[in-house]
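Listing of run_38.cif; format and content: mmCIF, C-alpha atoms and all ligand atoms.
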data_query
#
loop_
_atom_site.label_atom_id
_atom_site.label_comp_id
_atom_site.auth_asym_id
_atom_site.auth_seq_id
_atom_site.Cartn_x
_atom_site.Cartn_y
_atom_site.Cartn_z
CA GLU A 188 -77.46 -73.05 74.85
CA LYS A 189 -76.98 -72.94 71.15
CA GLU A 190 -76.21 -76.31 69.65
CA TYR A 191 -74.36 -76.78 66.37
CA LEU A 192 -76.16 -79.65 64.66
CA MET A 193 -73.49 -80.63 62.14
CA LEU A 194 -75.12 -83.85 60.96
CA PRO A 195 -75.69 -85.06 57.40
CA GLY A 196 -79.41 -84.90 58.18
CA PRO A 197 -81.55 -84.12 59.94
CA THR A 198 -80.32 -80.57 59.55
CA PRO A 199 -81.36 -77.47 61.47
CA VAL A 200 -84.62 -76.06 60.12
CA PRO A 201 -84.59 -72.40 59.02
CA PRO A 202 -87.14 -70.24 60.93
CA ARG A 203 -89.11 -69.51 57.75
CA LEU A 204 -89.64 -73.24 57.29
CA LEU A 205 -90.52 -73.76 60.96
CA ARG A 206 -93.35 -71.27 60.53
CA ALA A 207 -94.60 -73.06 57.42
CA LEU A 208 -94.45 -76.36 59.31
CA SER A 209 -96.86 -75.06 61.90
CA GLU A 210 -99.65 -73.90 59.60
CA PRO A 211 -103.15 -75.12 60.53
CA LEU A 212 -104.04 -78.51 59.10
CA ILE A 213 -106.28 -78.66 56.04
CA ASN A 214 -108.60 -81.24 54.52
CA HIS A 215 -106.42 -83.61 52.51
CA ARG A 216 -109.39 -84.34 50.23
CA GLY A 217 -110.17 -80.69 49.53
CA PRO A 218 -109.16 -78.00 47.01
CA SER A 219 -106.49 -76.36 49.22
CA PHE A 220 -104.66 -79.64 49.43
CA LYS A 221 -104.78 -80.01 45.67
CA ARG A 222 -103.11 -76.61 45.32
CA LEU A 223 -100.54 -77.60 47.93
CA ILE A 224 -99.59 -80.91 46.35
CA ASP A 225 -99.53 -79.42 42.85
CA GLU A 226 -97.16 -76.66 43.98
CA VAL A 227 -94.94 -79.10 45.86
CA THR A 228 -94.82 -81.45 42.88
CA GLU A 229 -93.76 -78.61 40.58
CA GLY A 230 -91.10 -77.53 43.07
CA ILE A 231 -89.71 -81.05 43.28
CA ARG A 232 -89.59 -81.22 39.48
CA TYR A 233 -87.49 -78.05 39.46
CA ALA A 234 -85.09 -79.55 42.01
CA TYR A 235 -84.88 -82.84 40.10
CA GLN A 236 -84.60 -81.08 36.71
CA THR A 237 -87.24 -83.39 35.33
CA LYS A 238 -90.52 -83.53 33.48
CA ASN A 239 -91.09 -87.06 34.81
CA ASP A 240 -93.74 -87.91 37.34
CA VAL A 241 -92.64 -87.31 40.92
CA LEU A 242 -94.55 -88.89 43.74
CA ILE A 243 -94.49 -88.10 47.42
CA LEU A 244 -94.52 -90.85 50.02
CA PRO A 245 -95.27 -90.57 53.73
CA SER A 246 -92.00 -92.14 54.86
CA SER A 247 -88.34 -91.61 55.54
CA GLY A 248 -85.79 -92.16 52.77
CA THR A 249 -85.65 -95.92 53.22
CA GLY A 250 -89.35 -96.19 52.34
CA GLY A 251 -88.57 -94.40 49.09
CA MET A 252 -85.77 -96.91 48.41
CA GLU A 253 -88.16 -99.79 49.04
CA ALA A 254 -90.66 -98.17 46.65
CA ALA A 255 -87.95 -98.00 43.97
CA ILE A 256 -87.47 -101.75 44.28
CA VAL A 257 -91.03 -103.04 44.62
CA ASN A 258 -92.53 -100.91 41.87
CA PHE A 259 -90.08 -101.60 39.08
CA LEU A 260 -88.71 -105.08 39.78
CA SER A 261 -90.01 -108.59 40.34
CA PRO A 262 -88.78 -111.60 42.30
CA GLY A 263 -86.16 -113.37 40.18
CA ASP A 264 -85.04 -110.21 38.36
CA LYS A 265 -81.30 -109.82 38.09
CA VAL A 266 -79.95 -106.49 39.32
CA LEU A 267 -76.51 -104.96 39.44
CA ALA A 268 -76.03 -103.31 42.85
CA LEU A 269 -73.12 -100.89 43.16
CA SER A 270 -72.14 -100.26 46.76
CA ILE A 271 -69.60 -97.83 48.14
CA GLY A 272 -70.86 -97.86 51.73
CA ALA A 273 -73.64 -98.53 54.21
CA PHE A 274 -76.47 -97.10 52.06
CA GLY A 275 -75.36 -98.95 48.94
CA ASP A 276 -75.48 -102.10 51.06
CA ARG A 277 -78.98 -101.20 52.22
CA PHE A 278 -80.27 -100.77 48.66
CA ALA A 279 -78.88 -104.21 47.72
CA THR A 280 -80.42 -105.77 50.83
CA ILE A 281 -83.87 -104.37 50.00
CA ALA A 282 -83.65 -105.85 46.48
CA GLN A 283 -82.58 -109.19 47.96
CA THR A 284 -85.43 -109.06 50.48
CA TYR A 285 -87.92 -108.86 47.61
CA GLY A 286 -86.39 -111.83 45.81
CA CYS A 287 -84.19 -110.14 43.23
CA ILE A 288 -81.01 -111.89 42.20
CA VAL A 289 -78.48 -109.32 43.27
CA ASP A 290 -75.10 -109.12 41.63
CA LYS A 291 -73.43 -106.86 44.16
CA VAL A 292 -70.18 -105.08 43.46
CA ASP A 293 -68.46 -103.58 46.48
CA PHE A 294 -65.99 -100.78 46.12
CA GLU A 295 -63.65 -99.82 48.91
CA TRP A 296 -65.39 -97.54 51.41
CA GLY A 297 -64.11 -94.03 50.81
CA THR A 298 -63.89 -94.50 47.04
CA ALA A 299 -66.46 -93.98 44.30
CA VAL A 300 -67.89 -96.55 41.87
CA ASP A 301 -65.23 -97.44 39.28
CA LEU A 302 -67.12 -97.01 36.03
CA ASN A 303 -64.73 -99.37 34.21
CA VAL A 304 -65.95 -102.18 36.43
CA VAL A 305 -69.55 -101.34 35.53
CA LYS A 306 -68.62 -101.21 31.85
CA ALA A 307 -67.11 -104.70 32.07
CA LYS A 308 -70.15 -106.03 33.95
CA LEU A 309 -72.56 -104.68 31.34
CA ALA A 310 -70.38 -105.95 28.47
CA ALA A 311 -70.38 -109.43 30.05
CA ASP A 312 -74.18 -109.36 30.28
CA VAL A 313 -74.61 -110.47 26.67
CA ASN A 314 -78.22 -111.55 27.13
CA LYS A 315 -79.05 -108.21 28.76
CA GLU A 316 -80.38 -109.85 31.89
CA TYR A 317 -79.84 -107.00 34.30
CA LYS A 318 -83.17 -105.31 34.85
CA ALA A 319 -81.71 -102.49 36.93
CA ILE A 320 -78.56 -100.87 38.23
CA LEU A 321 -78.82 -99.72 41.85
CA VAL A 322 -76.58 -96.84 42.82
CA THR A 323 -76.15 -94.38 45.65
CA HIS A 324 -75.64 -90.80 44.49
CA ASN A 325 -74.12 -89.44 47.67
CA GLU A 326 -72.90 -92.14 50.06
CA THR A 327 -73.54 -90.48 53.39
CA SER A 328 -71.60 -93.09 55.38
CA THR A 329 -68.32 -92.22 53.65
CA GLY A 330 -68.79 -88.73 52.18
CA VAL A 331 -68.29 -89.87 48.59
CA CYS A 332 -70.30 -88.79 45.57
CA ASN A 333 -70.79 -91.05 42.54
CA ASP A 334 -70.76 -89.87 38.93
CA LEU A 335 -74.35 -90.42 37.79
CA LYS A 336 -73.82 -88.83 34.40
CA GLY A 337 -70.87 -91.11 33.71
CA LEU A 338 -72.88 -94.12 34.84
CA SER A 339 -75.71 -93.26 32.52
CA GLU A 340 -73.28 -92.87 29.59
CA ILE A 341 -71.81 -96.28 30.34
CA ARG A 342 -75.24 -97.88 30.45
CA GLY A 343 -75.66 -96.70 26.84
CA ASP A 344 -78.43 -98.70 25.21
CA HIS A 345 -78.44 -101.51 27.78
CA PRO A 346 -82.11 -101.74 28.87
CA ALA A 347 -81.35 -101.82 32.63
CA LEU A 348 -83.08 -99.06 34.56
CA ILE A 349 -80.92 -96.83 36.72
CA LEU A 350 -82.40 -96.61 40.21
CA VAL A 351 -80.75 -93.93 42.32
CA ASP A 352 -80.67 -93.34 46.06
CA SER A 353 -80.09 -89.60 46.23
CA VAL A 354 -81.48 -89.24 49.73
CA SER A 355 -78.57 -87.01 50.80
CA GLY A 356 -77.66 -85.72 47.33
CA LEU A 357 -80.68 -84.05 45.83
CA GLY A 358 -80.90 -80.36 46.61
CA VAL A 359 -77.23 -80.39 47.62
CA MET A 360 -75.45 -81.46 44.45
CA GLU A 361 -76.49 -81.33 40.83
CA VAL A 362 -78.77 -84.06 39.49
CA LYS A 363 -80.01 -83.66 35.92
CA THR A 364 -82.63 -86.37 35.93
CA ASP A 365 -83.81 -86.04 32.32
CA GLU A 366 -80.57 -84.99 30.66
CA TRP A 367 -78.74 -87.87 32.32
CA GLY A 368 -81.52 -90.38 31.63
CA LEU A 369 -81.96 -91.46 35.25
CA ASP A 370 -85.07 -93.60 35.62
CA VAL A 371 -85.90 -93.49 39.29
CA ILE A 372 -84.48 -91.13 41.90
CA VAL A 373 -85.31 -91.28 45.56
CA THR A 374 -84.77 -88.50 48.05
CA ALA A 375 -86.08 -87.45 51.45
CA ALA A 376 -87.04 -84.26 53.25
CA GLN A 377 -84.52 -84.02 56.06
CA LYS A 378 -81.36 -83.47 54.05
CA GLY A 379 -81.04 -80.88 51.30
CA PHE A 380 -84.58 -79.63 51.81
CA MET A 381 -84.04 -78.96 55.52
CA ILE A 382 -87.44 -80.00 56.87
CA PRO A 383 -88.09 -82.70 59.49
CA PRO A 384 -87.96 -86.35 58.38
CA GLY A 385 -91.19 -87.98 57.25
CA VAL A 386 -91.59 -87.51 53.50
CA ALA A 387 -89.76 -89.11 50.59
CA PHE A 388 -90.00 -88.37 46.87
CA VAL A 389 -89.56 -90.69 43.92
CA SER A 390 -89.23 -89.67 40.27
CA VAL A 391 -90.37 -92.14 37.60
CA SER A 392 -89.31 -92.11 33.94
CA PRO A 393 -91.58 -93.46 31.17
CA ARG A 394 -89.26 -96.50 30.90
CA ALA A 395 -89.69 -97.11 34.61
CA TRP A 396 -93.50 -96.94 34.24
CA ALA A 397 -93.22 -99.61 31.54
CA ALA A 398 -91.32 -101.77 34.04
CA TYR A 399 -93.99 -101.02 36.65
CA GLU A 400 -96.60 -102.63 34.39
CA LYS A 401 -94.61 -105.88 34.47
CA SER A 402 -93.62 -105.81 38.14
CA THR A 403 -95.00 -108.62 40.29
CA ALA A 404 -93.32 -107.67 43.57
CA PRO A 405 -95.87 -107.25 46.39
CA LYS A 406 -96.79 -103.63 47.07
CA PHE A 407 -99.56 -101.76 48.75
CA TYR A 408 -98.36 -98.82 50.85
CA TRP A 409 -95.55 -98.24 48.36
CA ASP A 410 -97.65 -98.62 45.21
CA LEU A 411 -96.60 -95.69 43.03
CA GLY A 412 -99.27 -96.44 40.42
CA SER A 413 -101.85 -95.79 43.10
CA ALA A 414 -99.99 -92.60 44.15
CA LYS A 415 -100.06 -91.39 40.54
CA LYS A 416 -103.81 -92.00 40.22
CA PHE A 417 -104.49 -90.07 43.40
CA LEU A 418 -102.15 -87.25 42.38
CA GLU A 419 -104.20 -86.75 39.23
CA LYS A 420 -107.07 -85.64 41.47
CA GLY A 421 -104.79 -83.68 43.78
CA GLN A 422 -104.67 -86.25 46.55
CA THR A 423 -102.57 -89.02 48.06
CA PRO A 424 -103.72 -92.63 48.70
CA VAL A 425 -103.30 -92.32 52.48
CA THR A 426 -103.54 -89.41 54.90
CA PRO A 427 -100.45 -87.39 54.07
CA ALA A 428 -97.97 -85.70 56.40
CA ILE A 429 -99.63 -82.31 55.87
CA PRO A 430 -97.23 -80.18 57.99
CA GLN A 431 -94.28 -81.64 56.12
CA LEU A 432 -95.90 -80.65 52.86
CA THR A 433 -96.56 -77.06 53.90
CA GLY A 434 -92.94 -76.94 55.12
CA LEU A 435 -91.76 -78.46 51.90
CA ARG A 436 -93.67 -75.94 49.80
CA GLU A 437 -91.74 -73.19 51.57
CA ALA A 438 -88.44 -75.08 51.30
CA LEU A 439 -88.90 -75.51 47.58
CA GLN A 440 -89.85 -71.85 47.24
CA LEU A 441 -86.64 -70.93 49.08
CA PHE A 442 -84.67 -73.23 46.80
CA ARG A 443 -86.14 -71.54 43.72
CA GLU A 444 -85.52 -68.05 45.10
CA LYS A 445 -81.86 -68.86 45.66
CA GLY A 446 -81.57 -70.83 42.44
CA ARG A 447 -80.15 -74.33 42.02
CA GLU A 448 -76.70 -73.20 40.96
CA ALA A 449 -76.27 -70.85 43.91
CA VAL A 450 -77.33 -73.54 46.39
CA PHE A 451 -74.91 -76.10 44.93
CA ALA A 452 -72.08 -73.55 44.85
CA LYS A 453 -72.65 -72.74 48.52
CA GLN A 454 -72.59 -76.43 49.43
CA ARG A 455 -69.28 -76.92 47.61
CA TYR A 456 -67.92 -73.85 49.39
CA LEU A 457 -68.83 -75.27 52.82
CA ARG A 458 -67.22 -78.56 51.81
CA ASP A 459 -64.02 -76.81 50.74
CA ILE A 460 -63.79 -74.83 53.98
CA THR A 461 -64.31 -77.99 56.02
CA ARG A 462 -61.74 -80.01 54.12
CA ALA A 463 -59.09 -77.28 54.27
CA GLY A 464 -59.55 -76.89 58.03
CA VAL A 465 -59.42 -80.61 58.76
CA LYS A 466 -56.46 -81.27 56.47
CA ALA A 467 -54.47 -78.47 58.11
CA LEU A 468 -54.76 -80.36 61.40
CA GLY A 469 -52.98 -83.30 59.83
CA LEU A 470 -56.10 -85.48 59.81
CA LYS A 471 -56.87 -87.82 56.93
CA LEU A 472 -60.10 -87.66 54.98
CA LEU A 473 -61.83 -90.74 53.59
CA ALA A 474 -62.65 -89.21 50.23
CA ASP A 475 -60.26 -87.77 47.67
CA ASP A 476 -61.02 -84.22 46.55
CA ALA A 477 -62.29 -85.39 43.16
CA VAL A 478 -65.14 -87.46 44.63
CA ALA A 479 -65.76 -85.54 47.85
CA SER A 480 -69.38 -84.99 48.86
CA ALA A 481 -70.69 -81.46 49.25
CA ALA A 482 -73.05 -82.73 51.97
CA VAL A 483 -70.76 -84.46 54.47
CA THR A 484 -67.06 -84.88 55.17
CA ALA A 485 -65.82 -88.12 56.74
CA VAL A 486 -62.58 -87.93 58.71
CA TRP A 487 -60.37 -90.72 60.09
CA ALA A 488 -59.79 -90.39 63.82
CA PRO A 489 -56.05 -90.08 64.41
CA GLU A 490 -54.04 -93.14 65.54
CA GLY A 491 -54.72 -93.94 69.18
CA ILE A 492 -57.82 -91.76 69.56
CA GLU A 493 -61.31 -93.21 69.37
CA ALA A 494 -63.69 -91.43 67.03
CA LYS A 495 -66.43 -91.79 69.64
CA ALA A 496 -64.27 -89.93 72.17
CA ILE A 497 -63.92 -87.05 69.71
CA ASN A 498 -67.66 -86.84 69.11
CA LYS A 499 -68.39 -87.07 72.83
CA ARG A 500 -65.98 -84.28 73.69
CA MET A 501 -67.23 -82.13 70.80
CA ARG A 502 -70.76 -82.47 72.11
CA GLU A 503 -70.11 -82.16 75.84
CA ALA A 504 -67.49 -79.43 75.84
CA HIS A 505 -68.44 -77.44 72.77
CA ASN A 506 -72.09 -78.21 71.89
CA VAL A 507 -71.11 -79.37 68.42
CA VAL A 508 -72.98 -82.48 67.29
CA LEU A 509 -71.18 -84.64 64.72
CA ALA A 510 -72.09 -88.01 63.22
CA GLY A 511 -70.11 -91.17 63.86
CA GLY A 512 -68.98 -94.02 61.65
CA GLN A 513 -71.43 -96.69 60.54
CA LYS A 514 -70.94 -100.46 60.28
CA LYS A 515 -67.28 -101.25 59.66
CA LEU A 516 -66.31 -97.61 60.14
CA GLU A 517 -67.86 -97.46 63.62
CA ASN A 518 -65.53 -95.69 66.03
CA LYS A 519 -62.97 -95.22 63.26
CA ILE A 520 -64.30 -92.06 61.67
CA PHE A 521 -66.36 -89.03 62.50
CA ARG A 522 -68.50 -87.14 60.00
CA ILE A 523 -69.16 -83.44 59.70
CA GLY A 524 -72.43 -82.61 57.97
CA HIS A 525 -72.46 -79.28 56.14
CA LEU A 526 -75.61 -79.45 54.06
CA GLY A 527 -78.65 -77.27 54.21
CA TYR A 528 -79.13 -74.48 56.72
CA GLY A 529 -75.72 -73.36 57.81
CA GLN A 530 -73.01 -71.02 56.72
CA HIS A 531 -69.27 -70.58 56.69
CA LEU A 532 -69.03 -69.53 60.33
CA ASP A 533 -70.77 -72.71 61.48
CA VAL A 534 -68.06 -74.70 59.76
CA LEU A 535 -65.36 -72.42 61.15
CA ALA A 536 -66.76 -72.91 64.67
CA THR A 537 -66.70 -76.66 64.13
CA VAL A 538 -63.06 -76.60 63.06
CA ALA A 539 -62.19 -74.41 66.07
CA ALA A 540 -63.96 -76.83 68.42
CA LEU A 541 -62.24 -79.77 66.74
CA GLU A 542 -58.82 -78.24 67.36
CA MET A 543 -59.55 -77.81 71.06
CA THR A 544 -61.08 -81.29 71.28
CA LEU A 545 -58.08 -82.96 69.70
CA LYS A 546 -55.70 -81.05 71.95
CA GLU A 547 -57.75 -82.01 74.99
CA LEU A 548 -57.54 -85.65 73.90
CA GLY A 549 -53.77 -85.50 73.59
CA TYR A 550 -53.36 -85.16 69.83
CA PRO A 551 -50.72 -82.60 68.93
CA VAL A 552 -52.37 -79.65 67.20
CA GLU A 553 -51.31 -76.10 66.86
CA LEU A 554 -54.35 -74.10 67.93
CA GLY A 555 -55.54 -71.95 65.06
CA ALA A 556 -53.92 -73.99 62.28
CA GLY A 557 -57.20 -75.45 61.02
CA VAL A 558 -59.10 -72.23 61.55
CA LYS A 559 -56.48 -70.31 59.59
CA ALA A 560 -56.62 -72.70 56.64
CA ALA A 561 -60.42 -72.52 56.69
CA GLN A 562 -60.35 -68.74 56.88
CA GLU A 563 -58.04 -68.63 53.90
CA VAL A 564 -60.62 -70.49 51.82
CA ILE A 565 -63.27 -68.03 52.99
CA MET A 566 -61.08 -65.00 52.22
CA SER A 567 -60.16 -66.32 48.78
CA ARG A 568 -63.78 -66.62 47.73
CA LYS A 569 -64.48 -64.23 44.91
N1 LIG A 601 -79.71 -93.30 51.75
C1 LIG A 601 -78.83 -92.35 52.09
C2 LIG A 601 -77.74 -92.01 51.14
C3 LIG A 601 -78.95 -91.72 53.33
O1 LIG A 601 -78.08 -90.77 53.68
C4 LIG A 601 -79.99 -92.08 54.20
C5 LIG A 601 -80.15 -91.43 55.56
N2 LIG A 601 -78.98 -91.16 56.23
C6 LIG A 601 -80.87 -93.07 53.79
C7 LIG A 601 -80.70 -93.65 52.55
C8 LIG A 601 -81.98 -93.54 54.66
O2 LIG A 601 -82.88 -92.55 54.88
P1 LIG A 601 -83.85 -92.58 56.14
O3 LIG A 601 -82.98 -92.65 57.35
O4 LIG A 601 -84.58 -91.27 55.99
O5 LIG A 601 -84.71 -93.76 55.99
#
Show me this structure written as structure tokens.
Ligand code: PMP
Amino acid sequence: EKEYLMLPGPTPVPPRLLRALSEPLINHRGPSFKRLIDEVTEGIRYAYQTKNDVLILPSSGTGGMEAAIVNFLSPGDKVLALSIGAFGDRFATIAQTYGCIVDKVDFEWGTAVDLNVVKAKLAADVNKEYKAILVTHNETSTGVCNDLKGLSEIRGDHPALILVDSVSGLGVMEVKTDEWGLDVIVTAAQKGFMIPPGVAFVSVSPRAWAAYEKSTAPKFYWDLGSAKKFLEKGQTPVTPAIPQLTGLREALQLFREKGREAVFAKQRYLRDITRAGVKALGLKLLADDAVASAAVTAVWAPEGIEAKAINKRMREAHNVVLAGGQKKLENKIFRIGHLGYGQHLDVLATVAALEMTLKELGYPVELGAGVKAAQEVIMSRK
């Protein structure tokens, strides 16, 4: 039976990409691979809006985050880690693991980074000791998006690098790497780019390369200097995930054909439909409209109903797969992913199933109320 995979990654894979994922393998030290990696690199640059180097790693997103730490920092470096959820915590933990002195600022889960707090932190750093600011672009655990442009403006001429986890943001929401002066941005394949997990990408600004030269953190598999040297001859240091790269080439081609703006507009549209439907059922959302993610919507389970019971019923009775809450939000929220391959009727079906699920679990809903509100957003689209 058809399953609705409404997760914030992995997402369903469009048939055109599935075909590209099953192309015959090629020699990763030969000329066809050089063409492949050159095309993929150019496609990633378009998505990132950058002229910086972008390097591809054979790993999930977390490997890319680890690369961002070990290549540009050293044990004993002071970093400012901004966390608004589980993935912000993870970034800080990786820095700590490699011996950085982490000044971690936690913001309430469901809110965005308060840039005034960052401003005060940087102003208090009179000796300019922070070597980097760690930030999550789109916090998947709460459905909140941070203002990267605003953060970059606040950094001003402070020398700290901005290292960004945009694993679930890039390809879904705008990131202007060069215009916003973002030094290192990490993303992964299974979110906005809609291919199976297994490759991560990291962009590196000239300032970040200067920091690389000074970095003493241990690195081998994650050594981006080595990746850059190999890329110059059209190769990667280790045997690459070739099917992922042929899939990615097609995904990036698709992204270009549609155009960045159109993709981002569609993602915002799916977010707006989801939020209208859920709100009309009287449920509370974690994120305010102003900071709401276009990739995922996090919803509080109503009083007296376990979030896990909602997800279980959604899956078993309606074949709709949602994500749960992580860490301190476990069993308190459920999350609806609406990034990548999917369209308005997938979201509408999810809202319809949610209405029935809530009613079945004893929460008072008027059947059709959420669907109607969602349909009104669809009908009002110009
Ligand atoms: N950061 C963010 C914002 C994420 O959403 C995820 C994946 N959910 C990760 C990091 C980790 O990526 P991976 O699971 O691919 O290692």
Checklist line | Which residue of A:Gly368, A:Gly337, A:Gly524, A:Pro201 approaches ligand LIG 601 (chain A) most closely, using only C-alpha atoms and all ligand atoms | finding: A:Gly524
Item checked: Gap from CA of Asp264 (chain A) to CA of Asp410 (chain A) - Å, one decimal -> 18.4 Å
Next item on the list: Using only C-alpha atoms and all ligand atoms, find each protein or nucleic acid residue lying at most 6 Å from ligand LIG 601 (chain A); present the set as a PyMOL selection string.
Entry: chain A and resi 247-249+274+325-327+352-355
Check: Can you list, as a PyMOL selection string, every protein, DNA or RNA residue that comes within 12 Å of Ala414 (chain A) when you count all atoms listed in the file, leaving out same-chain residues fewer than 2 positions away?
Finding: chain A and resi 224+240-245+254+258+388-391+406-412+416-427
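Neighbouring residues of region 308-319 of chain A at 8 Å or closer, counting only C-alpha atoms and skipping chain neighbours under 3 positions away, are Leu260, Asp264, Lys265, Val266, Leu267, Val304, Val305, Arg342, His345, Pro346, Ala347, Leu348, Ile349 and Leu350 of chain A.
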Note to self: Which polymer residues, whether protein, DNA or RNA, lie within 10 Å of the coordinate (-65.9, -75.0, 59.9) when you count all atoms listed in the file? List them as a ChimeraX atom specification, using the chain letters and numbers from the file.
What the structure shows: /A:193,457-465,523,525,530-541,557-558,561-562
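Closest approach to Glu490 (chain A) from the set A:Ile231, A:Arg502, A:Leu545, A:Tyr456 is made by A:Leu545, with distances taken over only C-alpha atoms.
Pairwise distance (CA of Ile492 (chain A), CA of Gly555 (chain A)) equals 20.4 Å.
Of the listed residues (A:Gln440, A:Gln236, A:Thr329, A:Ser480), A:Gln236 comes nearest to Trp367 (chain A); the distances count all atoms listed in the file.
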Margin query: As an exercise, work out the distance from CA of His505 (chain A) to CA of Leu194 (chain A) in Å and give it to one decimal place.
Written below: 15.0 Å
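Candidate residues A:Arg222, A:Ala479, A:Glu553, A:Leu472 were compared for distance to Phe521 (chain A), and the nearest is A:Leu472, using only C-alpha atoms.
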Keeping C-alpha atoms, write region 361-420 of chain A of the structure just shown out as a PDB file, in the first residue's frame.
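New file result.pdb:
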ATOM      1  CA  GLU A 361      17.416  30.373   0.942  1.00  0.00           C
ATOM      2  CA  VAL A 362      21.094  30.409   1.881  1.00  0.00           C
ATOM      3  CA  LYS A 363      23.262  33.067   0.239  1.00  0.00           C
ATOM      4  CA  THR A 364      26.639  31.747   1.258  1.00  0.00           C
ATOM      5  CA  ASP A 365      28.812  34.462  -0.304  1.00  0.00           C
ATOM      6  CA  GLU A 366      26.511  37.445   0.078  1.00  0.00           C
ATOM      7  CA  TRP A 367      25.979  36.622   3.749  1.00  0.00           C
ATOM      8  CA  GLY A 368      29.660  35.855   4.377  1.00  0.00           C
ATOM      9  CA  LEU A 369      29.092  32.365   5.772  1.00  0.00           C
ATOM     10  CA  ASP A 370      32.394  30.533   6.137  1.00  0.00           C
ATOM     11  CA  VAL A 371      31.470  26.890   6.334  1.00  0.00           C
ATOM     12  CA  ILE A 372      28.110  25.326   5.543  1.00  0.00           C
ATOM     13  CA  VAL A 373      27.321  21.669   5.960  1.00  0.00           C
ATOM     14  CA  THR A 374      24.447  19.843   4.348  1.00  0.00           C
ATOM     15  CA  ALA A 375      23.505  16.273   3.469  1.00  0.00           C
ATOM     16  CA  ALA A 376      21.817  14.421   0.638  1.00  0.00           C
ATOM     17  CA  GLN A 377      18.661  13.042   2.212  1.00  0.00           C
ATOM     18  CA  LYS A 378      16.829  16.279   2.918  1.00  0.00           C
ATOM     19  CA  GLY A 379      16.336  19.020   0.347  1.00  0.00           C
ATOM     20  CA  PHE A 380      18.126  17.050  -2.363  1.00  0.00           C
ATOM     21  CA  MET A 381      15.860  14.015  -1.949  1.00  0.00           C
ATOM     22  CA  ILE A 382      18.406  11.244  -2.478  1.00  0.00           C
ATOM     23  CA  PRO A 383      19.246   8.458  -0.004  1.00  0.00           C
ATOM     24  CA  PRO A 384      21.521   9.305   2.946  1.00  0.00           C
ATOM     25  CA  GLY A 385      25.252   8.787   2.523  1.00  0.00           C
ATOM     26  CA  VAL A 386      26.824  11.984   1.208  1.00  0.00           C
ATOM     27  CA  ALA A 387      27.472  15.314   2.906  1.00  0.00           C
ATOM     28  CA  PHE A 388      28.770  18.573   1.435  1.00  0.00           C
ATOM     29  CA  VAL A 389      30.852  21.279   3.053  1.00  0.00           C
ATOM     30  CA  SER A 390      31.555  24.745   1.650  1.00  0.00           C
ATOM     31  CA  VAL A 391      34.783  26.485   2.667  1.00  0.00           C
ATOM     32  CA  SER A 392      35.462  30.231   2.457  1.00  0.00           C
ATOM     33  CA  PRO A 393      38.992  31.624   1.949  1.00  0.00           C
ATOM     34  CA  ARG A 394      38.967  32.724   5.624  1.00  0.00           C
ATOM     35  CA  ALA A 395      38.099  29.188   6.645  1.00  0.00           C
ATOM     36  CA  TRP A 396      41.012  27.836   4.556  1.00  0.00           C
ATOM     37  CA  ALA A 397      43.303  30.222   6.434  1.00  0.00           C
ATOM     38  CA  ALA A 398      42.002  28.715   9.691  1.00  0.00           C
ATOM     39  CA  TYR A 399      42.551  25.228   8.243  1.00  0.00           C
ATOM     40  CA  GLU A 400      46.259  26.000   7.887  1.00  0.00           C
ATOM     41  CA  LYS A 401      46.447  26.634  11.640  1.00  0.00           C
ATOM     42  CA  SER A 402      44.184  23.800  12.778  1.00  0.00           C
ATOM     43  CA  THR A 403      45.826  21.107  14.900  1.00  0.00           C
ATOM     44  CA  ALA A 404      42.740  18.975  15.549  1.00  0.00           C
ATOM     45  CA  PRO A 405      43.280  15.349  14.478  1.00  0.00           C
ATOM     46  CA  LYS A 406      41.794  14.532  11.081  1.00  0.00           C
ATOM     47  CA  PHE A 407      42.205  11.891   8.463  1.00  0.00           C
ATOM     48  CA  TYR A 408      38.907  10.719   6.956  1.00  0.00           C
ATOM     49  CA  TRP A 409      37.507  14.224   7.376  1.00  0.00           C
ATOM     50  CA  ASP A 410      40.550  16.083   6.051  1.00  0.00           C
ATOM     51  CA  LEU A 411      39.115  18.666   3.662  1.00  0.00           C
ATOM     52  CA  GLY A 412      42.564  19.762   2.476  1.00  0.00           C
ATOM     53  CA  SER A 413      43.063  16.261   1.177  1.00  0.00           C
ATOM     54  CA  ALA A 414      39.568  16.320  -0.410  1.00  0.00           C
ATOM     55  CA  LYS A 415      40.447  19.588  -2.170  1.00  0.00           C
ATOM     56  CA  LYS A 416      43.703  18.169  -3.560  1.00  0.00           C
ATOM     57  CA  PHE A 417      41.913  15.125  -4.920  1.00  0.00           C
ATOM     58  CA  LEU A 418      39.089  17.241  -6.356  1.00  0.00           C
ATOM     59  CA  GLU A 419      41.640  19.171  -8.399  1.00  0.00           C
ATOM     60  CA  LYS A 420      42.299  15.948 -10.322  1.00  0.00           C
TER      61      LYS A 420
END
